[in-house]
Structures are given as C-alpha cells and as structure tokens.
>>> print(open('input-v3.txt').read())   # compact mmCIF, C-alpha atoms
# COMPACT_ATOMS: atom_id res chain seq x y z
CA MET A 1 -68.80 42.39 82.37
CA ALA A 2 -65.79 41.20 80.40
CA LYS A 3 -62.28 42.55 80.80
CA MET A 4 -60.75 43.53 77.47
CA GLY A 5 -56.98 43.78 77.23
CA GLN A 6 -55.31 45.56 80.12
CA GLN A 7 -57.65 48.33 81.21
CA SER A 8 -61.00 48.10 79.42
CA TRP A 9 -64.44 46.80 80.34
CA LEU A 10 -67.07 45.49 77.92
CA TYR A 11 -70.50 45.35 79.50
CA ASN A 12 -72.21 41.98 79.06
CA ASN A 13 -75.66 43.41 79.58
CA ALA A 14 -77.13 46.32 77.69
CA ILE A 15 -76.84 49.34 80.00
CA TYR A 16 -78.60 52.54 78.92
CA ILE A 17 -78.67 56.22 79.70
CA ASN A 18 -82.40 56.78 80.18
CA ALA A 19 -82.20 60.53 80.78
CA SER A 20 -79.78 63.31 81.56
CA GLY A 21 -79.94 66.77 83.09
CA THR A 22 -77.70 69.84 82.95
CA ALA A 23 -77.52 73.18 84.72
CA VAL A 24 -75.00 75.94 83.97
CA GLY A 25 -73.91 79.45 84.90
CA PRO A 26 -73.87 82.68 82.90
CA MET A 27 -70.69 82.20 80.86
CA GLU A 28 -71.84 78.77 79.70
CA ALA A 29 -75.32 80.12 78.97
CA ASP A 30 -73.69 82.71 76.70
CA GLY A 31 -71.71 80.03 74.86
CA PRO A 32 -72.55 78.14 71.67
CA LEU A 33 -74.22 75.20 73.47
CA SER A 34 -76.76 77.21 75.45
CA SER A 35 -79.76 75.58 73.78
CA PHE A 36 -78.64 72.12 74.95
CA PHE A 37 -78.78 72.95 78.68
CA ASP A 38 -81.84 72.36 80.85
CA GLN A 39 -81.26 75.12 83.41
CA THR A 40 -79.26 78.32 82.94
CA TYR A 41 -78.48 81.14 85.37
CA ASP A 42 -77.59 84.72 84.53
CA GLU A 43 -75.38 85.25 87.59
CA LEU A 44 -72.84 83.11 89.43
CA HIS A 45 -74.68 82.97 92.75
CA CYS A 46 -77.53 81.01 91.11
CA ASN A 47 -79.97 82.75 93.49
CA GLN A 48 -78.02 81.51 96.53
CA ASP A 49 -76.11 83.29 99.33
CA ASN A 50 -72.60 82.02 98.51
CA TRP A 51 -70.58 80.20 95.85
CA GLU A 52 -70.71 76.79 97.54
CA LEU A 53 -74.49 76.92 97.85
CA ALA A 54 -74.62 77.96 94.20
CA GLU A 55 -72.71 74.86 93.14
CA ARG A 56 -74.95 72.71 95.31
CA GLN A 57 -78.00 74.23 93.61
CA LEU A 58 -76.59 73.41 90.19
CA MET A 59 -76.21 69.73 91.07
CA LYS A 60 -79.72 69.59 92.49
CA ASP A 61 -81.06 71.26 89.34
CA ALA A 62 -79.29 68.78 87.06
CA ILE A 63 -80.57 65.77 89.02
CA HIS A 64 -84.10 67.18 89.12
CA ALA A 65 -84.11 67.75 85.35
CA CYS A 66 -82.79 64.25 84.75
CA LEU A 67 -85.39 62.55 86.95
CA GLN A 68 -88.19 64.69 85.56
CA LYS A 69 -87.35 63.67 81.99
CA ALA A 70 -87.30 60.00 83.03
CA GLY A 71 -90.57 60.28 84.94
CA LYS A 72 -88.84 58.96 88.05
CA ASP A 73 -88.54 59.99 91.69
CA HIS A 74 -85.27 59.99 93.63
CA SER A 75 -86.76 57.41 96.01
CA GLU A 76 -86.72 54.86 93.16
CA MET A 77 -82.93 55.10 92.73
CA ASP A 78 -80.67 52.36 94.11
CA LEU A 79 -77.42 54.33 94.09
CA PHE A 80 -76.14 57.86 93.74
CA LEU A 81 -72.57 58.22 92.42
CA ALA A 82 -71.24 61.76 92.47
CA GLY A 83 -68.22 63.98 92.94
CA ASP A 84 -66.93 67.52 92.59
CA LEU A 85 -63.70 69.50 93.05
CA LEU A 86 -64.13 70.87 96.55
CA ASN A 87 -62.44 69.59 99.71
CA GLN A 88 -64.07 66.37 100.91
CA ASN A 89 -66.44 66.53 97.91
CA VAL A 90 -68.79 68.71 99.93
CA THR A 91 -71.13 69.50 97.04
CA ALA A 92 -71.87 65.84 96.34
CA ASN A 93 -72.00 64.97 100.05
CA TYR A 94 -74.54 67.64 100.92
CA VAL A 95 -76.71 66.88 97.90
CA ALA A 96 -76.61 63.18 98.88
CA LYS A 97 -77.73 64.14 102.38
CA GLU A 98 -80.83 65.79 100.94
CA LEU A 99 -81.61 63.03 98.45
CA GLY A 100 -81.34 60.14 100.91
CA ILE A 101 -80.16 57.71 98.21
CA PRO A 102 -77.40 55.18 99.05
CA PHE A 103 -74.30 57.08 98.06
CA LEU A 104 -70.81 56.37 96.73
CA CYS A 105 -68.72 59.52 96.71
CA MET A 106 -66.13 59.57 93.93
CA PHE A 107 -63.17 61.76 93.05
CA GLY A 108 -61.07 61.81 89.91
CA ALA A 109 -60.85 65.59 89.58
CA CYS A 110 -62.26 66.57 86.18
CA SER A 111 -62.33 62.91 85.08
CA THR A 112 -65.08 62.15 87.61
CA SER A 113 -67.88 62.46 85.03
CA MET A 114 -66.76 59.34 83.17
CA GLU A 115 -65.55 57.64 86.36
CA THR A 116 -69.08 57.78 87.80
CA LEU A 117 -70.64 56.74 84.49
CA ALA A 118 -68.33 53.74 84.02
CA THR A 119 -68.71 52.64 87.65
CA GLY A 120 -72.48 53.02 87.62
CA ALA A 121 -72.77 50.92 84.47
CA SER A 122 -70.50 48.27 86.02
CA LEU A 123 -72.63 48.02 89.16
CA ILE A 124 -75.78 47.60 87.08
CA ASP A 125 -74.07 45.06 84.82
CA GLY A 126 -72.99 43.07 87.88
CA GLY A 127 -76.49 43.03 89.34
CA PHE A 128 -75.69 45.26 92.31
CA ALA A 129 -78.12 48.00 91.30
CA GLU A 130 -81.01 48.54 88.91
CA GLN A 131 -81.19 52.32 88.67
CA VAL A 132 -78.23 54.63 89.28
CA ILE A 133 -77.81 58.40 89.19
CA ALA A 134 -74.33 59.64 88.22
CA ALA A 135 -73.60 63.34 88.71
CA VAL A 136 -70.74 65.84 88.96
CA SER A 137 -70.40 69.60 89.40
CA SER A 138 -67.92 72.47 89.42
CA HIS A 139 -68.15 76.23 89.90
CA ASN A 140 -65.71 78.83 88.66
CA ALA A 141 -65.60 80.80 91.90
CA THR A 142 -65.35 77.82 94.27
CA ALA A 143 -62.62 76.11 92.25
CA GLU A 144 -60.57 79.26 91.69
CA ARG A 145 -60.65 80.06 95.39
CA GLN A 146 -59.57 76.56 96.35
CA PHE A 147 -56.93 75.82 93.75
CA ARG A 148 -55.58 79.21 92.71
CA TYR A 149 -56.74 82.66 93.88
CA PRO A 150 -60.19 84.04 94.73
CA THR A 151 -61.65 85.85 91.73
CA GLU A 152 -62.04 88.97 93.88
CA TYR A 153 -58.25 89.13 94.19
CA GLY A 154 -57.96 89.93 90.50
CA GLY A 155 -54.73 88.00 89.94
CA GLN A 156 -53.45 87.95 86.37
CA LYS A 157 -53.29 84.64 84.52
CA PRO A 158 -51.30 83.43 81.52
CA LYS A 159 -52.94 82.40 78.25
CA THR A 160 -52.32 78.73 79.13
CA ALA A 161 -54.78 78.94 82.03
CA THR A 162 -58.20 77.32 81.76
CA PHE A 163 -61.57 78.61 82.94
CA THR A 164 -63.51 76.37 85.34
CA VAL A 165 -66.97 75.62 84.03
CA THR A 166 -69.86 76.56 86.32
CA GLY A 167 -72.37 73.77 85.98
CA SER A 168 -73.52 70.26 86.75
CA GLY A 169 -74.49 67.22 84.74
CA ALA A 170 -76.44 64.13 85.79
CA ALA A 171 -77.43 60.88 84.08
CA LEU A 172 -79.85 58.08 84.96
CA LEU A 173 -78.58 54.58 84.12
CA SER A 174 -80.48 51.29 84.00
CA LYS A 175 -81.18 48.25 81.82
CA ARG A 176 -84.36 49.91 80.56
CA LYS A 177 -83.91 50.33 76.82
CA SER A 178 -83.38 53.81 75.42
CA ASN A 179 -81.63 55.51 72.51
CA ILE A 180 -78.19 55.54 74.14
CA ARG A 181 -76.30 52.46 75.30
CA ILE A 182 -73.12 52.45 77.37
CA GLU A 183 -71.03 49.89 75.51
CA SER A 184 -67.64 49.86 77.22
CA ALA A 185 -65.16 51.80 79.32
CA THR A 186 -61.40 52.18 79.62
CA ILE A 187 -60.04 52.98 83.08
CA GLY A 188 -57.01 55.25 83.05
CA ARG A 189 -53.66 55.15 84.78
CA VAL A 190 -52.16 58.06 86.71
CA MET A 191 -49.61 59.76 84.46
CA ASP A 192 -47.05 62.38 85.45
CA TYR A 193 -44.80 64.04 82.87
CA GLY A 194 -43.34 66.53 85.33
CA THR A 195 -45.55 69.57 84.71
CA LYS A 196 -45.66 71.84 87.77
CA ASP A 197 -47.55 74.89 86.54
CA PRO A 198 -51.14 75.04 87.96
CA PHE A 199 -51.96 77.54 85.22
CA ASP A 200 -51.28 74.95 82.50
CA MET A 201 -53.64 72.05 83.07
CA GLY A 202 -53.76 71.18 79.37
CA SER A 203 -50.09 70.18 79.30
CA ALA A 204 -50.45 68.24 82.56
CA MET A 205 -53.48 66.21 81.43
CA ALA A 206 -52.66 65.55 77.76
CA PRO A 207 -50.38 62.55 78.52
CA ALA A 208 -53.15 60.89 80.54
CA ALA A 209 -55.63 61.37 77.69
CA TYR A 210 -53.07 59.99 75.25
CA ASP A 211 -52.43 56.91 77.40
CA THR A 212 -56.11 56.10 77.88
CA ILE A 213 -57.06 56.61 74.23
CA LYS A 214 -54.11 54.56 72.99
CA THR A 215 -54.86 51.79 75.48
CA HIS A 216 -58.52 51.82 74.48
CA PHE A 217 -57.62 51.29 70.83
CA GLN A 218 -55.27 48.44 71.75
CA ASP A 219 -57.59 46.75 74.25
CA MET A 220 -60.64 46.90 71.99
CA GLY A 221 -58.85 46.30 68.68
CA ARG A 222 -60.09 49.59 67.29
CA SER A 223 -58.88 52.69 65.50
CA PRO A 224 -59.99 56.34 65.33
CA GLN A 225 -62.08 55.53 62.27
CA ASP A 226 -64.38 53.38 64.42
CA TYR A 227 -65.78 56.53 66.04
CA ASP A 228 -67.80 59.47 64.84
CA LEU A 229 -66.31 61.55 67.67
CA ILE A 230 -63.57 61.21 70.25
CA ALA A 231 -64.18 63.93 72.85
CA THR A 232 -61.63 64.74 75.51
CA GLY A 233 -62.77 66.46 78.67
CA ASP A 234 -60.86 69.70 79.15
CA LEU A 235 -57.47 69.74 77.47
CA SER A 236 -58.23 73.18 76.02
CA ALA A 237 -56.29 74.89 73.23
CA VAL A 238 -53.01 73.92 74.91
CA GLY A 239 -53.52 70.21 75.53
CA THR A 240 -55.49 69.41 72.38
CA PRO A 241 -52.57 69.65 69.90
CA ILE A 242 -50.35 67.80 72.39
CA VAL A 243 -52.60 64.74 72.64
CA ARG A 244 -53.12 64.68 68.87
CA ASP A 245 -49.38 64.77 68.24
CA MET A 246 -48.66 62.07 70.83
CA LEU A 247 -51.25 59.74 69.34
CA LYS A 248 -50.11 60.44 65.78
CA GLU A 249 -46.56 59.44 66.69
CA ASP A 250 -47.95 56.03 67.68
CA GLY A 251 -49.90 55.67 64.44
CA PHE A 252 -53.30 56.92 65.63
CA ASP A 253 -54.38 59.99 63.69
CA VAL A 254 -57.42 61.35 65.54
CA GLU A 255 -57.50 64.86 64.10
CA GLU A 256 -60.55 64.23 61.90
CA VAL A 257 -62.69 62.87 64.73
CA HIS A 258 -61.31 64.57 67.85
CA ASN A 259 -62.71 67.56 69.69
CA ASP A 260 -62.35 68.84 73.24
CA CYS A 261 -65.26 69.73 75.53
CA GLY A 262 -63.26 72.68 76.85
CA LEU A 263 -63.19 74.13 73.35
CA MET A 264 -66.79 73.28 72.50
CA ILE A 265 -68.45 74.93 75.48
CA TYR A 266 -67.35 78.54 74.87
CA HIS A 267 -67.16 80.90 71.92
CA SER A 268 -63.60 81.64 70.81
CA ASP A 269 -64.03 85.31 71.73
CA GLN A 270 -65.23 84.68 75.31
CA PRO A 271 -62.66 85.61 78.02
CA VAL A 272 -61.85 82.03 79.05
CA PHE A 273 -58.10 81.92 78.34
CA SER A 274 -57.32 78.59 76.63
CA GLY A 275 -60.76 77.04 77.21
CA GLY A 276 -63.00 75.36 79.75
CA SER A 277 -62.12 72.94 82.53
CA GLY A 278 -63.69 71.45 85.66
CA CYS A 279 -65.84 68.39 86.42
CA ALA A 280 -68.82 70.03 84.76
CA CYS A 281 -66.99 70.69 81.50
CA SER A 282 -67.17 67.17 80.08
CA ALA A 283 -70.43 66.47 81.93
CA VAL A 284 -72.58 69.30 80.58
CA VAL A 285 -71.18 68.93 77.05
CA THR A 286 -71.73 65.16 77.06
CA TYR A 287 -75.08 65.09 78.87
CA GLY A 288 -76.29 68.09 76.87
CA LYS A 289 -75.01 68.34 73.31
CA LEU A 290 -73.40 64.93 72.68
CA LEU A 291 -76.34 62.85 73.88
CA ASP A 292 -78.68 64.97 71.77
CA GLU A 293 -76.47 64.37 68.73
CA LEU A 294 -76.58 60.63 69.36
CA VAL A 295 -80.37 60.61 69.72
CA ALA A 296 -80.72 62.63 66.52
CA GLY A 297 -78.54 60.12 64.66
CA ARG A 298 -75.76 62.55 63.79
CA TYR A 299 -73.42 60.32 65.79
CA LYS A 300 -73.64 56.54 66.08
CA LYS A 301 -70.65 55.80 68.30
CA ILE A 302 -68.57 58.20 70.39
CA LEU A 303 -65.73 57.87 72.88
CA VAL A 304 -65.73 60.41 75.71
CA VAL A 305 -62.44 60.66 77.62
CA ALA A 306 -62.70 62.87 80.69
CA THR A 307 -59.37 64.17 81.98
CA GLY A 308 -58.42 65.18 85.51
CA ALA A 309 -55.44 66.84 87.22
CA LEU A 310 -54.91 65.13 90.59
CA MET A 311 -53.26 68.02 92.39
CA SER A 312 -53.91 69.98 95.58
CA PRO A 313 -52.82 73.50 96.60
CA THR A 314 -50.46 71.98 99.18
CA MET A 315 -48.71 69.81 96.59
CA VAL A 316 -48.31 72.80 94.27
CA GLN A 317 -46.85 74.92 97.08
CA GLN A 318 -44.41 72.10 97.83
CA LYS A 319 -43.28 72.18 94.18
CA GLU A 320 -44.59 68.72 93.40
CA SER A 321 -45.43 67.88 89.80
CA ILE A 322 -49.07 67.45 88.75
CA PRO A 323 -50.23 63.87 88.08
CA ALA A 324 -53.28 63.35 85.89
CA ILE A 325 -55.73 60.65 84.89
CA ALA A 326 -58.30 60.05 82.13
CA HIS A 327 -61.24 57.64 81.94
CA GLY A 328 -63.03 56.80 78.70
CA VAL A 329 -66.60 55.62 78.05
CA VAL A 330 -68.08 54.50 74.72
CA LEU A 331 -71.65 55.59 73.99
CA VAL A 332 -73.60 53.98 71.15
CA ARG A 333 -76.85 54.99 69.49
CA GLU A 334 -79.38 52.17 69.57
CA GLU A 335 -81.18 51.71 66.27
CA GLY A 336 -84.92 51.22 66.13
CA MET A 337 -85.75 53.34 69.13
>>> encode(input="input-v3.txt", output="structure tokens")
Amino acid sequence: MAKMGQQSWLYNNAIYINASGTAVGPMEADGPLSSFFDQTYDELHCNQDNWELAERQLMKDAIHACLQKAGKDHSEMDLFLAGDLLNQNVTANYVAKELGIPFLCMFGACSTSMETLATGASLIDGGFAEQVIAAVSSHNATAERQFRYPTEYGGQKPKTATFTVTGSGAALLSKRKSNIRIESATIGRVMDYGTKDPFDMGSAMAPAAYDTIKTHFQDMGRSPQDYDLIATGDLSAVGTPIVRDMLKEDGFDVEEVHNDCGLMIYHSDQPVFSGGSGCACSAVVTYGKLLDELVAGRYKKILVVATGALMSPTMVQQKESIPAIAHGVVLVREEGM
C-alpha cells in the first residue's frame, strides 16, 4: 500500500469486493431502493423480541446473504471487521460471538461502513488476511432511544432532524478477482465547526465530508470529473447543499456528480424529516444499489464518503459541540469480468 499525499492510501495489490449483503426494515423496504436489498422486513422487530435483537438479526442476515452469494462459509474468513451505534458496539460484538471469526470492533459512528472497508482492504493488501468480512448496522428504535428520545415518547422533532436507517450491510473482500475493485481510500480528520444541536446532524457532518473530499482530490491529483458519482453517507437535505457550497468555494464543483445516501434511500414524501442517517445508511445504499450500478456498467468509478457524528448523549447534555469525521473509499468497475 502506498501513501498518497497527506491522508490517502493507494492499494498496491488488487483488492476486490467479491460479494455483498443487505437487510433492511419496513421504511427502507418502502423506499425507492427496495429491489436492491437482499432481505426486507415489514415491521421493526424483525421477528425478534426487542429492538436490540432486531438489529442483531439484521447484521446476521446481511452477512449470511453476502456469504451465500460468494459460496463461502464463515469458517473460511480470516477477519471480521464490524461496528454499530450502540454502547460498546454490542450488535457487532454479539454477532462476532456467534460467528467465531477473529474480530476487530470498529467505531466511527455513521462513517464506520467505509472505515471497515478501507481497513479490511489495507489488511489484505499488507498480507495480514486473505478474506475479510466488513459489516455495519443501525436501527431506528435503538439509535433514537440511545441518542435522543425513545420513539414511544412521541417527542416532536424539527425538520433538520434525520431518520436513522434500520438495516445492515456486509461485504466480503479478498484478492479474488471480481467486478468491483477497491482502488484507494482517504482517511478523514475529526472536524468540529461548533454545531451543538443533536437534531441537525447534516450541519455537523458537512465540514468533515468537505475536508475529506477536498483532501482526496489534492492527495490523488483528481477532480470531480474523474468520478461518475461522489456519494456522501448521510448529510441529508440540510448537509448536502452545505458540502457542495464549501467545495465550490475551493474550486471543486461537485453538483453534477454528487448525491447523498440519506436522500437516495427514501422517497421524498416519506416521513423521514431531512433524510436518512445511521451506519446502515451508506452501507445498504453502497452494498445494494451502488455496487449493482458498477456491475451493470452504469458507473465505472465512484467515491463513497461515509460521514459520522462523534457525539454521545452525555456530551450533548454537557453542551459540548459535535465533532464529526468522514472516510472515503474509491470503487472501480473491472473491465472484462
């Protein structure tokens, strides 16, 4: 692996996504991307007794779908990289306990999808693993209860609020050639522009997305025109115009190629406030729709920048501002496959 510029990695070996799996809840199943998901549920409990077990089931479903597509068993995996939004990453930890795969637990809030993908590719590139599963999850009811108010409370929210995606996404990485190659990654810095409102994640995370995308262009000597799509993770209708304006001020006009996973996953008339958020937001959109678009040849090169707000309820109650981070991964369609 070669370091490019200040914060980017270029993989020396060809690292591929061999398969992916997705599982989602009812709101996501009713959205415009429903046909791209492997498993859908029509109620939030996902046939389980509580919300936490439901989220755990979603991650297991995504991993199972991924391995089934690849024709692999979990016992063949060298590493499992995973994370979620709950305290101590309990979803990932308990799934790892059942799988029995050597496990690295990771947390970057909603940026964890690309954090696990970039790290997994790096470990394969360095010869430390041959086959890696990267997975993340989130659940609307578990996240709302932890970070804001339980849904049963019925608290009112402003239009700037986002709606945590209920779902999970998983990917199998190796050097075995497939249609989709992981070309490079840009590791983000923690950015804090002083936002304190937990009901406005878009404004908090936009500066982190801006910094990572700008740095990626500089490190790799590229421009927006080098990509068919630049997808941010969950900036929503609030953060999307902010990141576009910030980049445009620095000479990078991304409007023609940029979209946000939090805007893609739901219909505009669904009751999701300003759009989707959560670890699963970028994961299920990327591992569902975006990979399919690459395989079909509609995209040849995309940059996925997952964004995460690194807050906790305690920090919010203590009136601290909300720091954020964003990690980017470049996915390329391999010709001749």
>>> atom_distance(input="input-v3.txt", atom1="CA of Glu76 (chain A)", atom2="CA of Thr286 (chain A)")
24.3 Å
>>> atom_distance(input="input-v3.txt", atom1="CA of Asn179 (chain A)", atom2="CA of Val165 (chain A)")
27.4 Å
>>> closest_atom_pairs(input="input-v3.txt", of="region 121-217 of chain A", to="region 223-230 of chain A", cutoff="10 Å", atoms="all atoms listed in the file", output="JSON lines")
{"residue": "A:Ile213", "atom": "CA", "partner": "A:Ile230", "partner_atom": "CA", "distance": 8.9}
{"residue": "A:Lys214", "atom": "CA", "partner": "A:Ser223", "partner_atom": "CA", "distance": 9.1}
{"residue": "A:His216", "atom": "CA", "partner": "A:Ser223", "partner_atom": "CA", "distance": 9.0}
{"residue": "A:Phe217", "atom": "CA", "partner": "A:Ser223", "partner_atom": "CA", "distance": 5.7}
>>> residues_around(input="input-v3.txt", residues="region 326-335 of chain A", least_positions_apart="6", cutoff="6 Å", atoms="all atoms listed in the file", output="PyMOL selection string")
chain A and resi 111+114+179-188+208-209+294+300-307
>>> closest_residue(input="input-v3.txt", among="A:Ala206, A:Leu33, A:Val272, A:Leu53", to="Val284 (chain A)", atoms="all atoms listed in the file")
A:Leu33
>>> residues_near_point(input="input-v3.txt", point="(-75.5, 56.3, 98.8)", cutoff="6 Å", atoms="only C-alpha atoms", output="VMD selection string")
chain A and resid 79 to 80 101 to 104
>>> write_last_selection(input="input-v3.txt", atoms="C-alpha atoms", output="PDB file, keeping the file's coordinate frame")
ATOM      1  CA  LEU A  79     -77.420  54.330  94.090  1.00  0.00           C
ATOM      2  CA  PHE A  80     -76.140  57.860  93.740  1.00  0.00           C
ATOM      3  CA  ILE A 101     -80.160  57.710  98.210  1.00  0.00           C
ATOM      4  CA  PRO A 102     -77.400  55.180  99.050  1.00  0.00           C
ATOM      5  CA  PHE A 103     -74.300  57.080  98.060  1.00  0.00           C
ATOM      6  CA  LEU A 104     -70.810  56.370  96.730  1.00  0.00           C
TER       7      LEU A 104
END
>>> closest_residue(input="input-v3.txt", among="A:Ala204, A:Cys105, A:Ala135, A:Val257", to="Gly167 (chain A)", atoms="all atoms listed in the file")
A:Ala135
